[in-house]
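Structure, as structure tokens:
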Amino acid sequence: MGIWDSLFKSKPSPREPTWEVVEKHLSVDHQRYQVRIKKGGRELYAEDLFQAAKTPKDLVFSRFFLLNESPPKPHFSPSLQAALDWFNGRRHPKDGYNTIWWGDRFTYECAICQARRVVPLRITRVERLTVTSAIPTQREIVGWRVVEVESELTGKGIPTKKLDQYKTLPVIKWHQFPNRYLCGNCARKLAEVGRESEAAEAYVFEVK
């Protein structure tokens, strides 16, 4: 009886996603030259892609991004799975520069002594953007990207990036805390010499 029970026992359901999907739309008929697309080793505007497309295959892309975003967020992938894989660093497009990823862990590094603490990074929000045009005929592409994450120490934040000595680096802009970090030991030493204000301008973490 135990054998039959094990054979016909219902399997556990797949783990439910932990993120929320945010749906957005952008018409390039009203906001021109805002969407830049990477396709076949070259870059072009969404308007040019739509204008030249003759078949659905002509709308296939590697990734696209929005110009003039502040702060700049990740590029859009052609599918949800591709966006998750790229964000976590499992797979990413090999179509040129700016190919960075954030990973599934975040490292807090002390600005003084470089002590570190690593914690899991959980995806909490994914954006699905539909880019459309009605000129000359109806066309659309859909892109996905991660737009919010969460850490057990600093809560939720936005994936963004910064330029450091001509190299683009992935960073997280936290909603409630600064992006400068101090370990507890260095923060206490600053307080001892009357420099508490420097510690107040940073997020202080304890090294485990």
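Scheme for the structure tokens: letters A, B, ... for chains in order shown; per-chain residue numbers from 1; ligand numbers from 1 in order shown.
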Closest pair table for region 92-205 of chain A residues within 9 Å of region 74-81 of chain A, only C-alpha atoms, as a tab-separated table:
```
residue	atom	partner	partner_atom	distance
A:Pro93	CA	A:Ser77	CA	8.8
A:Ile100	CA	A:Pro74	CA	8.7
A:Trp101	CA	A:Pro74	CA	8.5
A:Val126	CA	A:Leu80	CA	8.4
A:Glu127	CA	A:Phe76	CA	8.8
A:Arg128	CA	A:Leu80	CA	8.2
A:Leu129	CA	A:Phe76	CA	8.2
A:Ile141	CA	A:Pro78	CA	8.3
A:Val142	CA	A:Pro78	CA	6.5
A:Gly143	CA	A:Phe76	CA	4.9
A:Trp144	CA	A:Phe76	CA	4.9
A:Arg145	CA	A:Phe76	CA	5.0
A:Val146	CA	A:Pro74	CA	7.0
A:Val147	CA	A:Pro74	CA	7.5
A:Pro159	CA	A:Pro74	CA	6.9
A:Thr160	CA	A:Pro74	CA	6.6
A:Lys161	CA	A:Pro74	CA	8.2
```
Limited to N, CA, C and O atoms, could you put the picked residues into a file as an mmCIF file, in the first residue's frame?
```cif
data_model
loop_
_atom_site.group_PDB
_atom_site.id
_atom_site.type_symbol
_atom_site.label_atom_id
_atom_site.label_comp_id
_atom_site.auth_asym_id
_atom_site.auth_seq_id
_atom_site.Cartn_x
_atom_site.Cartn_y
_atom_site.Cartn_z
ATOM 1 N N PRO A 93 22.468 38.761 -22.763
ATOM 2 C CA PRO A 93 22.707 38.962 -24.196
ATOM 3 C C PRO A 93 24.159 39.316 -24.466
ATOM 4 O O PRO A 93 24.787 40.062 -23.715
ATOM 5 N N ILE A 100 25.558 44.297 -18.007
ATOM 6 C CA ILE A 100 25.821 44.112 -16.587
ATOM 7 C C ILE A 100 24.646 43.366 -15.975
ATOM 8 O O ILE A 100 23.570 43.281 -16.564
ATOM 9 N N TRP A 101 24.861 42.796 -14.784
ATOM 10 C CA TRP A 101 23.767 42.138 -14.074
ATOM 11 C C TRP A 101 23.953 42.341 -12.581
ATOM 12 O O TRP A 101 25.027 42.683 -12.097
ATOM 13 N N VAL A 126 8.378 43.232 -11.300
ATOM 14 C CA VAL A 126 8.835 43.102 -12.684
ATOM 15 C C VAL A 126 7.948 43.977 -13.557
ATOM 16 O O VAL A 126 6.729 44.037 -13.364
ATOM 17 N N GLU A 127 8.554 44.669 -14.504
ATOM 18 C CA GLU A 127 7.800 45.531 -15.414
ATOM 19 C C GLU A 127 7.647 44.870 -16.783
ATOM 20 O O GLU A 127 8.608 44.330 -17.331
ATOM 21 N N ARG A 128 6.420 44.924 -17.311
ATOM 22 C CA ARG A 128 6.134 44.469 -18.675
ATOM 23 C C ARG A 128 5.710 45.681 -19.481
ATOM 24 O O ARG A 128 4.658 46.265 -19.246
ATOM 25 N N LEU A 129 6.547 46.073 -20.430
ATOM 26 C CA LEU A 129 6.286 47.277 -21.213
ATOM 27 C C LEU A 129 5.940 46.904 -22.653
ATOM 28 O O LEU A 129 6.700 46.191 -23.322
ATOM 29 N N ILE A 141 6.024 45.738 -29.753
ATOM 30 C CA ILE A 141 6.977 44.813 -29.149
ATOM 31 C C ILE A 141 6.753 44.847 -27.643
ATOM 32 O O ILE A 141 6.262 45.843 -27.103
ATOM 33 N N VAL A 142 7.094 43.764 -26.975
ATOM 34 C CA VAL A 142 6.907 43.666 -25.524
ATOM 35 C C VAL A 142 8.249 43.339 -24.876
ATOM 36 O O VAL A 142 8.972 42.438 -25.333
ATOM 37 N N GLY A 143 8.591 44.090 -23.837
ATOM 38 C CA GLY A 143 9.841 43.854 -23.116
ATOM 39 C C GLY A 143 9.603 43.682 -21.635
ATOM 40 O O GLY A 143 8.614 44.186 -21.079
ATOM 41 N N TRP A 144 10.521 42.953 -20.991
ATOM 42 C CA TRP A 144 10.427 42.666 -19.553
ATOM 43 C C TRP A 144 11.710 43.088 -18.851
ATOM 44 O O TRP A 144 12.803 42.966 -19.419
ATOM 45 N N ARG A 145 11.576 43.554 -17.601
ATOM 46 C CA ARG A 145 12.754 43.856 -16.790
ATOM 47 C C ARG A 145 12.398 43.851 -15.307
ATOM 48 O O ARG A 145 11.221 44.028 -14.934
ATOM 49 N N VAL A 146 13.395 43.667 -14.477
ATOM 50 C CA VAL A 146 13.230 43.741 -13.019
ATOM 51 C C VAL A 146 13.359 45.200 -12.606
ATOM 52 O O VAL A 146 14.321 45.878 -12.978
ATOM 53 N N VAL A 147 12.379 45.703 -11.830
ATOM 54 C CA VAL A 147 12.392 47.116 -11.453
ATOM 55 C C VAL A 147 12.386 47.339 -9.938
ATOM 56 O O VAL A 147 12.472 48.485 -9.491
ATOM 57 N N PRO A 159 16.891 48.668 -8.929
ATOM 58 C CA PRO A 159 18.146 48.368 -9.630
ATOM 59 C C PRO A 159 18.495 49.510 -10.582
ATOM 60 O O PRO A 159 17.674 49.922 -11.394
ATOM 61 N N THR A 160 19.682 50.031 -10.463
ATOM 62 C CA THR A 160 20.151 51.079 -11.348
ATOM 63 C C THR A 160 21.639 50.844 -11.600
ATOM 64 O O THR A 160 22.146 49.748 -11.334
ATOM 65 N N LYS A 161 22.341 51.828 -12.101
ATOM 66 C CA LYS A 161 23.753 51.641 -12.427
ATOM 67 C C LYS A 161 24.486 52.964 -12.309
ATOM 68 O O LYS A 161 23.875 54.034 -12.279
#
```
Spatial neighbours of Leu190 (chain A), 12 Å, only C-alpha atoms, chain gap at least 3 places, as a list in words: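 In the requested form, the answer reads Ile112, Leu182, Cys183, Gly184, Asn185, Cys186, Ala187, Val193, Gly194, Arg195, Glu196, Ser197, Glu198, Ala199, Ala200, Glu201, Ala202 and Val204 of chain A.
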Would you save the residues of that selection, restricted to all heavy atoms, as a tab-separated table (two decimals), in the first residue's frame?
```tsv
chain	number	residue	atom	x	y	z
A	112	ILE	N	35.19	52.31	4.74
A	112	ILE	CA	36.47	52.60	5.39
A	112	ILE	C	37.39	51.38	5.40
A	112	ILE	O	38.51	51.43	4.90
A	112	ILE	CB	36.24	53.10	6.84
A	112	ILE	CG1	35.48	54.43	6.81
A	112	ILE	CG2	37.58	53.26	7.57
A	112	ILE	CD1	35.12	54.96	8.17
A	182	LEU	N	28.78	51.51	6.09
A	182	LEU	CA	29.82	51.41	7.11
A	182	LEU	C	29.55	50.19	7.97
A	182	LEU	O	28.39	49.91	8.29
A	182	LEU	CB	29.85	52.65	8.00
A	182	LEU	CG	30.29	53.98	7.39
A	182	LEU	CD1	30.13	55.10	8.41
A	182	LEU	CD2	31.74	53.91	6.91
A	183	CYS	N	30.59	49.48	8.34
A	183	CYS	CA	30.40	48.40	9.30
A	183	CYS	C	30.23	49.01	10.69
A	183	CYS	O	30.62	50.15	10.94
A	183	CYS	CB	31.58	47.43	9.27
A	183	CYS	SG	33.12	48.10	9.92
A	184	GLY	N	29.64	48.26	11.60
A	184	GLY	CA	29.38	48.76	12.94
A	184	GLY	C	30.65	49.19	13.67
A	184	GLY	O	30.66	50.20	14.38
A	185	ASN	N	31.75	48.47	13.46
A	185	ASN	CA	33.00	48.79	14.13
A	185	ASN	C	33.51	50.16	13.71
A	185	ASN	O	33.90	50.99	14.55
A	185	ASN	CB	34.03	47.71	13.81
A	185	ASN	CG	35.29	47.87	14.63
A	185	ASN	OD1	35.24	48.15	15.83
A	185	ASN	ND2	36.44	47.72	13.99
A	186	CYS	N	33.52	50.44	12.42
A	186	CYS	CA	34.00	51.73	11.93
A	186	CYS	C	33.05	52.86	12.35
A	186	CYS	O	33.50	53.97	12.67
A	186	CYS	CB	34.17	51.70	10.42
A	186	CYS	SG	35.60	50.73	9.87
A	187	ALA	N	31.75	52.59	12.36
A	187	ALA	CA	30.79	53.61	12.78
A	187	ALA	C	31.00	54.00	14.24
A	187	ALA	O	30.94	55.18	14.60
A	187	ALA	CB	29.37	53.10	12.57
A	193	VAL	N	35.45	59.63	18.04
A	193	VAL	CA	36.28	60.80	17.75
A	193	VAL	C	35.43	62.00	17.32
A	193	VAL	O	35.95	62.96	16.75
A	193	VAL	CB	37.34	60.48	16.66
A	193	VAL	CG1	38.29	59.40	17.14
A	193	VAL	CG2	36.68	60.06	15.35
A	194	GLY	N	34.13	61.94	17.58
A	194	GLY	CA	33.27	63.08	17.31
A	194	GLY	C	32.84	63.25	15.87
A	194	GLY	O	32.46	64.34	15.46
A	195	ARG	N	32.86	62.18	15.09
A	195	ARG	CA	32.48	62.26	13.68
A	195	ARG	C	31.20	61.46	13.41
A	195	ARG	O	31.07	60.74	12.45
A	195	ARG	CB	33.63	61.77	12.80
A	195	ARG	CG	34.86	62.67	12.88
A	195	ARG	CD	36.11	62.00	12.32
A	195	ARG	NE	35.96	61.59	10.92
A	195	ARG	CZ	36.89	60.91	10.25
A	195	ARG	NH1	38.03	60.57	10.87
A	195	ARG	NH2	36.71	60.58	8.99
A	196	GLU	N	30.23	61.62	14.32
A	196	GLU	CA	28.98	60.89	14.20
A	196	GLU	C	28.23	61.22	12.92
A	196	GLU	O	27.50	60.38	12.37
A	196	GLU	CB	28.07	61.18	15.40
A	196	GLU	CG	28.62	60.74	16.74
A	196	GLU	CD	29.36	61.87	17.44
A	196	GLU	OE1	29.83	62.79	16.73
A	196	GLU	OE2	29.47	61.81	18.68
A	197	SER	N	28.39	62.46	12.42
A	197	SER	CA	27.66	62.87	11.24
A	197	SER	C	28.01	62.01	10.02
A	197	SER	O	27.18	61.75	9.15
A	197	SER	CB	27.92	64.34	10.92
A	197	SER	OG	29.31	64.55	10.67
A	198	GLU	N	29.25	61.53	9.96
A	198	GLU	CA	29.66	60.68	8.84
A	198	GLU	C	28.95	59.34	8.90
A	198	GLU	O	28.56	58.79	7.86
A	198	GLU	CB	31.17	60.48	8.85
A	198	GLU	CG	31.96	61.74	8.57
A	198	GLU	CD	33.45	61.49	8.52
A	198	GLU	OE1	33.88	60.47	7.95
A	198	GLU	OE2	34.20	62.32	9.08
A	199	ALA	N	28.77	58.82	10.09
A	199	ALA	CA	28.05	57.56	10.24
A	199	ALA	C	26.56	57.75	9.95
A	199	ALA	O	25.90	56.86	9.42
A	199	ALA	CB	28.24	57.01	11.65
A	200	ALA	N	26.04	58.94	10.28
A	200	ALA	CA	24.62	59.21	10.05
A	200	ALA	C	24.30	59.28	8.56
A	200	ALA	O	23.15	59.08	8.16
A	200	ALA	CB	24.22	60.52	10.72
A	201	GLU	N	25.30	59.54	7.73
A	201	GLU	CA	25.09	59.64	6.29
A	201	GLU	C	25.28	58.30	5.58
A	201	GLU	O	25.30	58.25	4.35
A	201	GLU	CB	26.06	60.67	5.70
A	201	GLU	CG	25.80	62.09	6.18
A	201	GLU	CD	26.87	63.06	5.73
A	201	GLU	OE1	27.89	62.59	5.16
A	201	GLU	OE2	26.70	64.27	5.96
A	202	ALA	N	25.44	57.24	6.35
A	202	ALA	CA	25.65	55.91	5.77
A	202	ALA	C	24.72	54.89	6.42
A	202	ALA	O	24.18	55.13	7.51
A	202	ALA	CB	27.10	55.48	5.95
A	204	VAL	N	24.59	51.56	8.37
A	204	VAL	CA	25.53	50.83	9.22
A	204	VAL	C	25.06	49.37	9.35
A	204	VAL	O	23.92	49.13	9.72
A	204	VAL	CB	25.64	51.48	10.63
A	204	VAL	CG1	26.60	50.68	11.50
A	204	VAL	CG2	26.10	52.92	10.49
```
Of the listed residues A:Ala52, A:Phe61, A:Gln114, A:Leu66, that which approaches Gln31 (chain A) most closely, counting only C-alpha atoms: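 Residue with the minimum atom-to-atom distance to Gln31 (chain A): A:Leu66.
Among the candidates A:Glu140, A:Asp58, A:Arg63, A:Glu23, the one nearest to Gly41 (chain A) when counting only C-alpha atoms is A:Arg63.
DSSP on the backbone gives helix (DSSP H, G or I) for these parts of region 33-153 of chain A: Ala46, Glu47, Asp48, Leu49, Phe50, Gln51, Ala52, Pro56, Lys57, Asp58, Leu59, Leu80, Gln81, Ala82, Ala83, Leu84, Asp85, Trp86, Phe87 and Asn88 of chain A.
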Taking only C-alpha atoms into account, which of A:Lys173, A:Arg122, A:Lys167, A:Lys208 comes nearest Thr18 (chain A)?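 Once distances to Thr18 (chain A) are computed over only C-alpha atoms, the minimum belongs to A:Arg122.
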DSSP-assigned strand (DSSP E or B) members of region 59-177 of chain A, reported as an MDAnalysis selection string: chainID A and resid 63:66 76:77 105:109 116:133 139:151 155:164 167:174
7 Å contact set for region 150-157 of chain A, only C-alpha atoms, chain neighbours under 4 positions out, as a list in words: Val119, Pro120, Leu121, Arg122, Ile123, Thr124, Ile172, Lys173, Trp174, His175 and Phe177 of chain A
Writing out the chosen residues with N, CA and C atoms as a compact mmCIF listing (two decimals), in the first residue's frame:
```txt
# COMPACT_ATOMS: atom_id res chain seq x y z
N VAL A 119 23.99 39.31 1.64
CA VAL A 119 22.63 38.85 1.97
C VAL A 119 21.88 38.53 0.68
N PRO A 120 20.85 37.67 0.77
CA PRO A 120 20.05 37.37 -0.43
C PRO A 120 19.32 38.61 -0.94
N LEU A 121 19.14 38.67 -2.26
CA LEU A 121 18.41 39.75 -2.91
C LEU A 121 17.19 39.14 -3.60
N ARG A 122 16.01 39.58 -3.20
CA ARG A 122 14.77 38.99 -3.71
C ARG A 122 14.09 39.95 -4.68
N ILE A 123 13.66 39.45 -5.83
CA ILE A 123 12.93 40.26 -6.80
C ILE A 123 11.50 40.45 -6.31
N THR A 124 11.03 41.70 -6.27
CA THR A 124 9.68 41.98 -5.79
C THR A 124 8.77 42.59 -6.86
N ILE A 172 22.10 49.23 -6.34
CA ILE A 172 20.71 49.27 -5.89
C ILE A 172 20.48 50.60 -5.19
N LYS A 173 19.47 51.34 -5.60
CA LYS A 173 19.11 52.60 -4.93
C LYS A 173 17.97 52.28 -3.97
N TRP A 174 18.28 52.23 -2.68
CA TRP A 174 17.30 51.85 -1.66
C TRP A 174 16.28 52.96 -1.44
N HIS A 175 15.06 52.56 -1.15
CA HIS A 175 13.99 53.54 -0.93
C HIS A 175 14.21 54.33 0.37
N PHE A 177 17.20 54.02 2.60
CA PHE A 177 18.55 54.12 3.16
C PHE A 177 19.53 54.62 2.11
```
Length of the CA of His30 (chain A) to CA of Phe65 (chain A) vector [Å]: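 If I compute the distance from CA of His30 (chain A) to CA of Phe65 (chain A), I get 17.1 Å.
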